[in-house]
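Colleague: Here it is, the structure in full.
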2 protein chains.
Amino acid sequence: MNIILFDSGEFSSPACDSLSLPQADPRAAHIIDVLRRKPGDTFDAGLIDGPRGKATLSAITSGSAALALTFRWASPPPPLPPVALIIGLPRPQTARKILNEAAALGVSEMHFVATERGEPSYAQSTLWTTGEYRRHLVAGAAQAFCTRIPRITFSNTLAATIAALAAERPGARRIALDNYESPASLGETLATGRHSAFVLALGSERGWTAAERGQLRAAQFDFAHLGPRVLRTETAVTAALAQVLAHLGRM
Amino acid sequence: MNIILFDSGEFSSPACDSLSLPQADPRAAHIIDVLRRKPGDTFDAGLIDGPRGKATLSAITSGSAALALTFRWASPPPPLPPVALIIGLPRPQTARKILNEAAALGVSEMHFVATERGEPSYAQSTLWTTGEYRRHLVAGAAQAFCTRIPRITFSNTLAATIAALAAERPGARRIALDNYESPASLGETLATGRHSAFVLALGSERGWTAAERGQLRAAQFDFAHLGPRVLRTETAVTAALAQVLAHLGRM
């Protein structure tokens, strides 16, 4: 955690300028045990999807077992890069890594979709049903010293997601990664023009079906590969995002 | 494991065409339990730093608790991309991820060096002292369906490593990642010319010292950053490698 993030819902006053953080909260342990802050000390704090600023540890109230924190907010970080990811629903352990890494690298939105070759039971994971996924987004943003977290969906079909993004991001460059039917690599594909927004689709572990390729083509997706080496999904996401973010001048 | 890798030292005959694999070996469990191979079935196999080919499970000898395997070798994979990584010795858990991911993405060599702001005790980790690091390289190569594993050093200084690479890779483009003193991003830096080989240096978690920056500059390294977001070392390695491999036409 390079910045400690708080949710506006945690504050009792709408001014978001003070808070009592229970010592049982993992952030309290981080402030005391890792950052080694004492009463009067400050640390970097942020309001999720809001400003960054400084928090002061005003007091440790041992009776109520809580940290009294006060905040001084500055300006918010720049908007997230205009990149939307579509990802065939991966096994939960892979999804956790992708949520964290893509939130750290910086994307605006991530859509996890059921695919024909995917495993439908993955959608029933507690990762999605308990809201645990949000914790990984916040951890990724905190790593990146950012307050902004990507928008997430995880129960829409590929077709519905493609259609929604066609309406919401009409000018974006659309690229689907596919190791089997791509005429060129992602690097070659990006070199053919300059684009200012992207929709990037990655299939599930076993790839796209012919029907899914048809849907993607009909929605103006071009296909690109990441070279002959077989990469784990989380490595492919980071490698593809790095190229797209560099193209956008963000990396 | 997309290909199961064997070491020439495991074969009793120099022809490397048959082998008795103890059932206690993790590869035996993978062949039986994950690939579900029965006697007579084949699977993808490779000889480390040698050819790919097909292995046949000839028999399961329950008395000696071993799999009898025979091999038919084809051609070796293409050489690894001409990229040498220099990495400030990271905590062992981070090093494991980097070893695996960089071996999967494809680099020729990785040099883990002590840095002034690094933690010297990391070099005493069992990861390095027991040779465990090689297991992560083999796993990364097997993921990538490749037999070639990067050359590794982990007990040389930054100065000695820079000097050795200056002699061994005189024409390579040299870039050091540095989030603090870089005039341009890696993407911008790569866009300034075409290069066919790279030496890429990443510092330890707390970055380079002024003395180390001086050593790198004197050895013709240019400095580049990966944008304003603070990335974990393993994410930075993958993101930087993806850009360099794309530049080389490998991704």
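Starting from 1 in every chain, residues are counted up; chains themselves are A, B, ... following the order of the structure tokens, and ligands are numbered from 1 as listed.
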Using DSSP on the backbone coordinates, identify the residues of segment 30-217 of chain A assigned to strand (DSSP E); present them as a PDB file with N, CA and C atoms, in the first residue's frame.
Modeller:
ATOM      1  N   THR A  42       1.845  11.860  10.067  1.00  0.00           N
ATOM      2  CA  THR A  42       0.946  11.852   8.905  1.00  0.00           C
ATOM      3  C   THR A  42       1.314  10.721   7.953  1.00  0.00           C
ATOM      4  N   PHE A  43       0.401  10.417   7.052  1.00  0.00           N
ATOM      5  CA  PHE A  43       0.677   9.437   5.984  1.00  0.00           C
ATOM      6  C   PHE A  43      -0.190   9.786   4.785  1.00  0.00           C
ATOM      7  N   ASP A  44       0.195   9.225   3.601  1.00  0.00           N
ATOM      8  CA  ASP A  44      -0.558   9.478   2.376  1.00  0.00           C
ATOM      9  C   ASP A  44      -1.883   8.730   2.408  1.00  0.00           C
ATOM     10  N   ALA A  45      -2.943   9.455   2.137  1.00  0.00           N
ATOM     11  CA  ALA A  45      -4.282   8.863   2.158  1.00  0.00           C
ATOM     12  C   ALA A  45      -5.044   9.303   0.921  1.00  0.00           C
ATOM     13  N   GLY A  46      -6.082   8.563   0.603  1.00  0.00           N
ATOM     14  CA  GLY A  46      -6.905   8.925  -0.548  1.00  0.00           C
ATOM     15  C   GLY A  46      -8.347   8.532  -0.299  1.00  0.00           C
ATOM     16  N   LEU A  47      -9.227   9.236  -0.985  1.00  0.00           N
ATOM     17  CA  LEU A  47     -10.651   8.922  -0.941  1.00  0.00           C
ATOM     18  C   LEU A  47     -10.963   8.201  -2.247  1.00  0.00           C
ATOM     19  N   ARG A  52      -6.536  12.747  -3.408  1.00  0.00           N
ATOM     20  CA  ARG A  52      -5.464  12.294  -2.544  1.00  0.00           C
ATOM     21  C   ARG A  52      -5.232  13.363  -1.485  1.00  0.00           C
ATOM     22  N   GLY A  53      -4.527  13.013  -0.410  1.00  0.00           N
ATOM     23  CA  GLY A  53      -4.233  14.007   0.604  1.00  0.00           C
ATOM     24  C   GLY A  53      -3.380  13.406   1.697  1.00  0.00           C
ATOM     25  N   LYS A  54      -3.385  14.068   2.842  1.00  0.00           N
ATOM     26  CA  LYS A  54      -2.608  13.596   3.986  1.00  0.00           C
ATOM     27  C   LYS A  54      -3.563  13.285   5.123  1.00  0.00           C
ATOM     28  N   ALA A  55      -3.319  12.172   5.798  1.00  0.00           N
ATOM     29  CA  ALA A  55      -4.054  11.856   7.021  1.00  0.00           C
ATOM     30  C   ALA A  55      -3.117  12.054   8.200  1.00  0.00           C
ATOM     31  N   THR A  56      -3.656  12.521   9.304  1.00  0.00           N
ATOM     32  CA  THR A  56      -2.889  12.620  10.541  1.00  0.00           C
ATOM     33  C   THR A  56      -3.469  11.638  11.545  1.00  0.00           C
ATOM     34  N   LEU A  57      -2.569  10.864  12.137  1.00  0.00           N
ATOM     35  CA  LEU A  57      -2.988   9.984  13.224  1.00  0.00           C
ATOM     36  C   LEU A  57      -3.085  10.858  14.472  1.00  0.00           C
ATOM     37  N   SER A  58      -4.308  11.312  14.810  1.00  0.00           N
ATOM     38  CA  SER A  58      -4.468  12.260  15.926  1.00  0.00           C
ATOM     39  C   SER A  58      -4.266  11.560  17.259  1.00  0.00           C
ATOM     40  N   ALA A  59      -4.790  10.365  17.385  1.00  0.00           N
ATOM     41  CA  ALA A  59      -4.696   9.670  18.678  1.00  0.00           C
ATOM     42  C   ALA A  59      -4.990   8.198  18.469  1.00  0.00           C
ATOM     43  N   ILE A  60      -4.463   7.389  19.389  1.00  0.00           N
ATOM     44  CA  ILE A  60      -4.835   5.974  19.433  1.00  0.00           C
ATOM     45  C   ILE A  60      -5.670   5.810  20.691  1.00  0.00           C
ATOM     46  N   THR A  61      -6.954   5.611  20.519  1.00  0.00           N
ATOM     47  CA  THR A  61      -7.852   5.520  21.672  1.00  0.00           C
ATOM     48  C   THR A  61      -7.937   4.064  22.089  1.00  0.00           C
ATOM     49  N   ALA A  66      -9.341   2.084  18.645  1.00  0.00           N
ATOM     50  CA  ALA A  66      -9.479   2.670  17.314  1.00  0.00           C
ATOM     51  C   ALA A  66      -8.404   3.735  17.103  1.00  0.00           C
ATOM     52  N   LEU A  67      -8.127   4.036  15.845  1.00  0.00           N
ATOM     53  CA  LEU A  67      -7.236   5.147  15.491  1.00  0.00           C
ATOM     54  C   LEU A  67      -8.104   6.346  15.109  1.00  0.00           C
ATOM     55  N   ALA A  68      -7.841   7.477  15.757  1.00  0.00           N
ATOM     56  CA  ALA A  68      -8.525   8.712  15.367  1.00  0.00           C
ATOM     57  C   ALA A  68      -7.700   9.371  14.265  1.00  0.00           C
ATOM     58  N   LEU A  69      -8.322   9.538  13.097  1.00  0.00           N
ATOM     59  CA  LEU A  69      -7.620  10.094  11.931  1.00  0.00           C
ATOM     60  C   LEU A  69      -8.299  11.384  11.487  1.00  0.00           C
ATOM     61  N   THR A  70      -7.489  12.349  11.094  1.00  0.00           N
ATOM     62  CA  THR A  70      -8.037  13.551  10.453  1.00  0.00           C
ATOM     63  C   THR A  70      -7.374  13.705   9.093  1.00  0.00           C
ATOM     64  N   PHE A  71      -8.104  14.290   8.158  1.00  0.00           N
ATOM     65  CA  PHE A  71      -7.674  14.308   6.757  1.00  0.00           C
ATOM     66  C   PHE A  71      -7.597  15.729   6.229  1.00  0.00           C
ATOM     67  N   ARG A  72      -6.596  15.950   5.364  1.00  0.00           N
ATOM     68  CA  ARG A  72      -6.498  17.194   4.608  1.00  0.00           C
ATOM     69  C   ARG A  72      -6.377  16.784   3.142  1.00  0.00           C
ATOM     70  N   TRP A  73      -7.435  17.060   2.389  1.00  0.00           N
ATOM     71  CA  TRP A  73      -7.469  16.584   0.999  1.00  0.00           C
ATOM     72  C   TRP A  73      -6.868  17.595   0.046  1.00  0.00           C
ATOM     73  N   VAL A  83      -9.138   2.846 -21.371  1.00  0.00           N
ATOM     74  CA  VAL A  83      -9.014   1.462 -21.834  1.00  0.00           C
ATOM     75  C   VAL A  83     -10.084   0.635 -21.131  1.00  0.00           C
ATOM     76  N   ALA A  84     -10.889  -0.055 -21.916  1.00  0.00           N
ATOM     77  CA  ALA A  84     -11.860  -1.007 -21.371  1.00  0.00           C
ATOM     78  C   ALA A  84     -11.375  -2.413 -21.682  1.00  0.00           C
ATOM     79  N   LEU A  85     -11.329  -3.252 -20.657  1.00  0.00           N
ATOM     80  CA  LEU A  85     -10.936  -4.656 -20.847  1.00  0.00           C
ATOM     81  C   LEU A  85     -12.180  -5.530 -20.844  1.00  0.00           C
ATOM     82  N   ILE A  86     -12.215  -6.485 -21.768  1.00  0.00           N
ATOM     83  CA  ILE A  86     -13.206  -7.572 -21.724  1.00  0.00           C
ATOM     84  C   ILE A  86     -12.404  -8.851 -21.523  1.00  0.00           C
ATOM     85  N   ILE A  87     -12.757  -9.635 -20.520  1.00  0.00           N
ATOM     86  CA  ILE A  87     -11.960 -10.819 -20.193  1.00  0.00           C
ATOM     87  C   ILE A  87     -12.885 -12.008 -19.983  1.00  0.00           C
ATOM     88  N   GLY A  88     -12.628 -13.090 -20.711  1.00  0.00           N
ATOM     89  CA  GLY A  88     -13.375 -14.321 -20.475  1.00  0.00           C
ATOM     90  C   GLY A  88     -13.177 -14.739 -19.034  1.00  0.00           C
ATOM     91  N   GLU A 109     -12.289   0.400 -17.079  1.00  0.00           N
ATOM     92  CA  GLU A 109     -13.333  -0.574 -16.784  1.00  0.00           C
ATOM     93  C   GLU A 109     -12.871  -1.968 -17.158  1.00  0.00           C
ATOM     94  N   MET A 110     -13.421  -2.957 -16.463  1.00  0.00           N
ATOM     95  CA  MET A 110     -13.094  -4.355 -16.728  1.00  0.00           C
ATOM     96  C   MET A 110     -14.412  -5.124 -16.736  1.00  0.00           C
ATOM     97  N   HIS A 111     -14.630  -5.873 -17.811  1.00  0.00           N
ATOM     98  CA  HIS A 111     -15.863  -6.645 -17.939  1.00  0.00           C
ATOM     99  C   HIS A 111     -15.506  -8.125 -18.023  1.00  0.00           C
ATOM    100  N   PHE A 112     -15.851  -8.866 -17.007  1.00  0.00           N
ATOM    101  CA  PHE A 112     -15.616 -10.310 -17.008  1.00  0.00           C
ATOM    102  C   PHE A 112     -16.872 -10.971 -17.560  1.00  0.00           C
ATOM    103  N   VAL A 113     -16.694 -11.704 -18.657  1.00  0.00           N
ATOM    104  CA  VAL A 113     -17.864 -12.258 -19.355  1.00  0.00           C
ATOM    105  C   VAL A 113     -17.757 -13.781 -19.429  1.00  0.00           C
ATOM    106  N   ALA A 114     -18.921 -14.434 -19.359  1.00  0.00           N
ATOM    107  CA  ALA A 114     -18.960 -15.873 -19.602  1.00  0.00           C
ATOM    108  C   ALA A 114     -18.630 -16.112 -21.068  1.00  0.00           C
ATOM    109  N   ARG A 151     -14.299   0.532 -13.158  1.00  0.00           N
ATOM    110  CA  ARG A 151     -15.676   0.033 -13.099  1.00  0.00           C
ATOM    111  C   ARG A 151     -15.650  -1.447 -13.498  1.00  0.00           C
ATOM    112  N   ILE A 152     -16.448  -2.262 -12.807  1.00  0.00           N
ATOM    113  CA  ILE A 152     -16.420  -3.710 -13.029  1.00  0.00           C
ATOM    114  C   ILE A 152     -17.816  -4.231 -13.354  1.00  0.00           C
ATOM    115  N   THR A 153     -17.909  -5.141 -14.332  1.00  0.00           N
ATOM    116  CA  THR A 153     -19.118  -5.962 -14.469  1.00  0.00           C
ATOM    117  C   THR A 153     -18.660  -7.416 -14.547  1.00  0.00           C
ATOM    118  N   PHE A 154     -19.505  -8.338 -14.114  1.00  0.00           N
ATOM    119  CA  PHE A 154     -19.100  -9.747 -14.150  1.00  0.00           C
ATOM    120  C   PHE A 154     -20.281 -10.680 -14.388  1.00  0.00           C
ATOM    121  N   SER A 155     -21.419 -10.129 -14.836  1.00  0.00           N
ATOM    122  CA  SER A 155     -22.544 -11.042 -15.078  1.00  0.00           C
ATOM    123  C   SER A 155     -23.223 -10.768 -16.406  1.00  0.00           C
ATOM    124  N   ASN A 156     -22.511 -10.098 -17.312  1.00  0.00           N
ATOM    125  CA  ASN A 156     -23.089  -9.854 -18.639  1.00  0.00           C
ATOM    126  C   ASN A 156     -22.480 -10.812 -19.662  1.00  0.00           C
ATOM    127  N   THR A 157     -23.205 -11.032 -20.737  1.00  0.00           N
ATOM    128  CA  THR A 157     -22.682 -11.876 -21.810  1.00  0.00           C
ATOM    129  C   THR A 157     -21.658 -11.085 -22.631  1.00  0.00           C
ATOM    130  N   ARG A 173     -10.469   2.119 -30.462  1.00  0.00           N
ATOM    131  CA  ARG A 173      -9.860   1.045 -31.255  1.00  0.00           C
ATOM    132  C   ARG A 173     -10.173  -0.263 -30.554  1.00  0.00           C
ATOM    133  N   ARG A 174     -10.709  -1.222 -31.307  1.00  0.00           N
ATOM    134  CA  ARG A 174     -11.143  -2.499 -30.738  1.00  0.00           C
ATOM    135  C   ARG A 174     -10.192  -3.613 -31.175  1.00  0.00           C
ATOM    136  N   ILE A 175      -9.594  -4.286 -30.212  1.00  0.00           N
ATOM    137  CA  ILE A 175      -8.661  -5.368 -30.520  1.00  0.00           C
ATOM    138  C   ILE A 175      -8.999  -6.569 -29.648  1.00  0.00           C
ATOM    139  N   ALA A 176      -9.129  -7.726 -30.281  1.00  0.00           N
ATOM    140  CA  ALA A 176      -9.323  -8.973 -29.550  1.00  0.00           C
ATOM    141  C   ALA A 176      -8.034  -9.791 -29.652  1.00  0.00           C
ATOM    142  N   LEU A 177      -7.539 -10.255 -28.521  1.00  0.00           N
ATOM    143  CA  LEU A 177      -6.341 -11.095 -28.550  1.00  0.00           C
ATOM    144  C   LEU A 177      -6.749 -12.517 -28.861  1.00  0.00           C
ATOM    145  N   ALA A 184      -1.615 -10.637 -37.256  1.00  0.00           N
ATOM    146  CA  ALA A 184      -0.440  -9.861 -36.854  1.00  0.00           C
ATOM    147  C   ALA A 184      -0.364  -9.820 -35.336  1.00  0.00           C
ATOM    148  N   SER A 185       0.793  -9.422 -34.834  1.00  0.00           N
ATOM    149  CA  SER A 185       0.955  -9.291 -33.384  1.00  0.00           C
ATOM    150  C   SER A 185       0.315  -7.992 -32.899  1.00  0.00           C
ATOM    151  N   PHE A 198      -9.207   2.575 -26.203  1.00  0.00           N
ATOM    152  CA  PHE A 198      -9.137   1.162 -26.595  1.00  0.00           C
ATOM    153  C   PHE A 198     -10.198   0.318 -25.885  1.00  0.00           C
ATOM    154  N   VAL A 199     -10.676  -0.674 -26.622  1.00  0.00           N
ATOM    155  CA  VAL A 199     -11.383  -1.794 -25.998  1.00  0.00           C
ATOM    156  C   VAL A 199     -10.567  -3.031 -26.353  1.00  0.00           C
ATOM    157  N   LEU A 200     -10.142  -3.754 -25.330  1.00  0.00           N
ATOM    158  CA  LEU A 200      -9.234  -4.880 -25.505  1.00  0.00           C
ATOM    159  C   LEU A 200      -9.924  -6.129 -24.953  1.00  0.00           C
ATOM    160  N   ALA A 201     -10.078  -7.152 -25.796  1.00  0.00           N
ATOM    161  CA  ALA A 201     -10.790  -8.365 -25.372  1.00  0.00           C
ATOM    162  C   ALA A 201      -9.836  -9.553 -25.318  1.00  0.00           C
ATOM    163  N   LEU A 202      -9.870 -10.273 -24.195  1.00  0.00           N
ATOM    164  CA  LEU A 202      -9.073 -11.499 -24.041  1.00  0.00           C
ATOM    165  C   LEU A 202     -10.018 -12.645 -23.712  1.00  0.00           C
TER     166      LEU A 202
END
Colleague: Excluding Tyr133 of chain A and any residue of its chain fewer than 3 positions from it, enumerate the residues within 8 Å of it, using only C-alpha atoms, and give them as an mmCIF file with N, CA and C atoms, in the first residue's frame.
Modeller:
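Saved the output as part-v1.cif:
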data_model
loop_
_atom_site.group_PDB
_atom_site.id
_atom_site.type_symbol
_atom_site.label_atom_id
_atom_site.label_comp_id
_atom_site.auth_asym_id
_atom_site.auth_seq_id
_atom_site.Cartn_x
_atom_site.Cartn_y
_atom_site.Cartn_z
ATOM 1 N N ARG A 96 -8.225 -12.767 -9.447
ATOM 2 C CA ARG A 96 -7.691 -11.904 -8.369
ATOM 3 C C ARG A 96 -6.435 -11.168 -8.830
ATOM 4 N N LEU A 99 -7.432 -8.498 -11.497
ATOM 5 C CA LEU A 99 -8.086 -7.334 -10.864
ATOM 6 C C LEU A 99 -7.039 -6.412 -10.253
ATOM 7 N N LEU A 127 -15.405 -14.793 -4.800
ATOM 8 C CA LEU A 127 -14.755 -13.582 -5.304
ATOM 9 C C LEU A 127 -15.786 -12.592 -5.823
ATOM 10 N N TRP A 128 -16.786 -13.122 -6.551
ATOM 11 C CA TRP A 128 -17.813 -12.252 -7.146
ATOM 12 C C TRP A 128 -19.023 -12.116 -6.232
ATOM 13 N N HIS A 136 -9.484 -6.327 -4.239
ATOM 14 C CA HIS A 136 -8.303 -6.451 -5.106
ATOM 15 C C HIS A 136 -8.123 -5.201 -5.972
ATOM 16 N N LEU A 137 -9.227 -4.585 -6.364
ATOM 17 C CA LEU A 137 -9.139 -3.326 -7.113
ATOM 18 C C LEU A 137 -8.543 -2.228 -6.245
#
Colleague: Could you work out which residues of chain B fall inside 6 Å of chain A? Count only C-alpha atoms, and format the result as a count of residues only.
Modeller: 14
Colleague: Can you tell me, as a VMD selection string, which residues in segment 25-226 of chain B count as alpha helix (DSSP H) by DSSP?
Modeller: chain B and resid 26 to 29 92 to 105 126 to 129 132 to 143 158 to 168 186 to 190 210 to 218
Colleague: Got a sec: who's within 10 Å of Glu10 of chain B, counting only C-alpha atoms, leaving out chain neighbours fewer than 5 positions off, as a list of chain:residue names?
Modeller: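 Close residues of Glu10 of chain B: B:Cys16, B:Ser18, B:Leu19, B:Ser20, B:Leu21.
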Colleague: Selected residues, C-alpha atoms, written as a short mmCIF file (atom, residue, chain, number, x, y, z; two decimals), in the first residue's frame, please.
Modeller:
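Generated output (result.cif):
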data_model
loop_
_atom_site.label_atom_id
_atom_site.label_comp_id
_atom_site.auth_asym_id
_atom_site.auth_seq_id
_atom_site.Cartn_x
_atom_site.Cartn_y
_atom_site.Cartn_z
CA CYS B 16 18.01 -39.27 -24.66
CA SER B 18 13.95 -43.32 -23.06
CA LEU B 19 13.60 -42.70 -19.38
CA SER B 20 12.08 -44.18 -16.25
CA LEU B 21 10.26 -41.41 -14.38
#
Colleague: Point out the residue among B:Phe221, B:Phe11, B:Trp208, B:Phe6 with the least atom-to-atom distance to Glu116 of chain B, counting only C-alpha atoms.
Modeller: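 Looking at the shortest contact to Glu116 of chain B, the residue is B:Trp208.
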Colleague: Given the choices A:Arg148, A:Arg91, A:Arg194, A:Arg134, which gets closest to Tyr122 of chain A if the distance is worked out from only C-alpha atoms?
Modeller: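 Smallest distance to Tyr122 of chain A is found for A:Arg91.
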Colleague: Work out how far apart atom CA of Ser196 of chain B and atom CA of Ser108 of chain B are and give it in Å to one decimal.
Modeller: 13.1 Å
Colleague: Can you work out the spacing between atom CA of Ala159 of chain B and atom CA of Gln215 of chain B in Å, to one decimal?
Modeller: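 Between atom CA of Ala159 of chain B and atom CA of Gln215 of chain B the gap is 6.9 Å.
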Colleague: Point out the residue among B:Ala103, B:Glu119, B:Asp222, B:Asp7 with the least atom-to-atom distance to Thr189 of chain B, counting only C-alpha atoms.
Modeller: B:Asp222
Colleague: Go through B:Lys97, B:Gly214, B:Phe223, B:Ala28 and flag the residue nearest Pro183 of chain B, using only C-alpha atoms for the distances.
Modeller: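 Of the candidates, the smallest distance to Pro183 of chain B is held by B:Phe223.
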Colleague: Return the single residue from B:Ala211, B:Ala123, B:Ile32, B:Val138 that is closest to Leu158 of chain B, with distances computed using only C-alpha atoms.
Modeller: B:Ala211
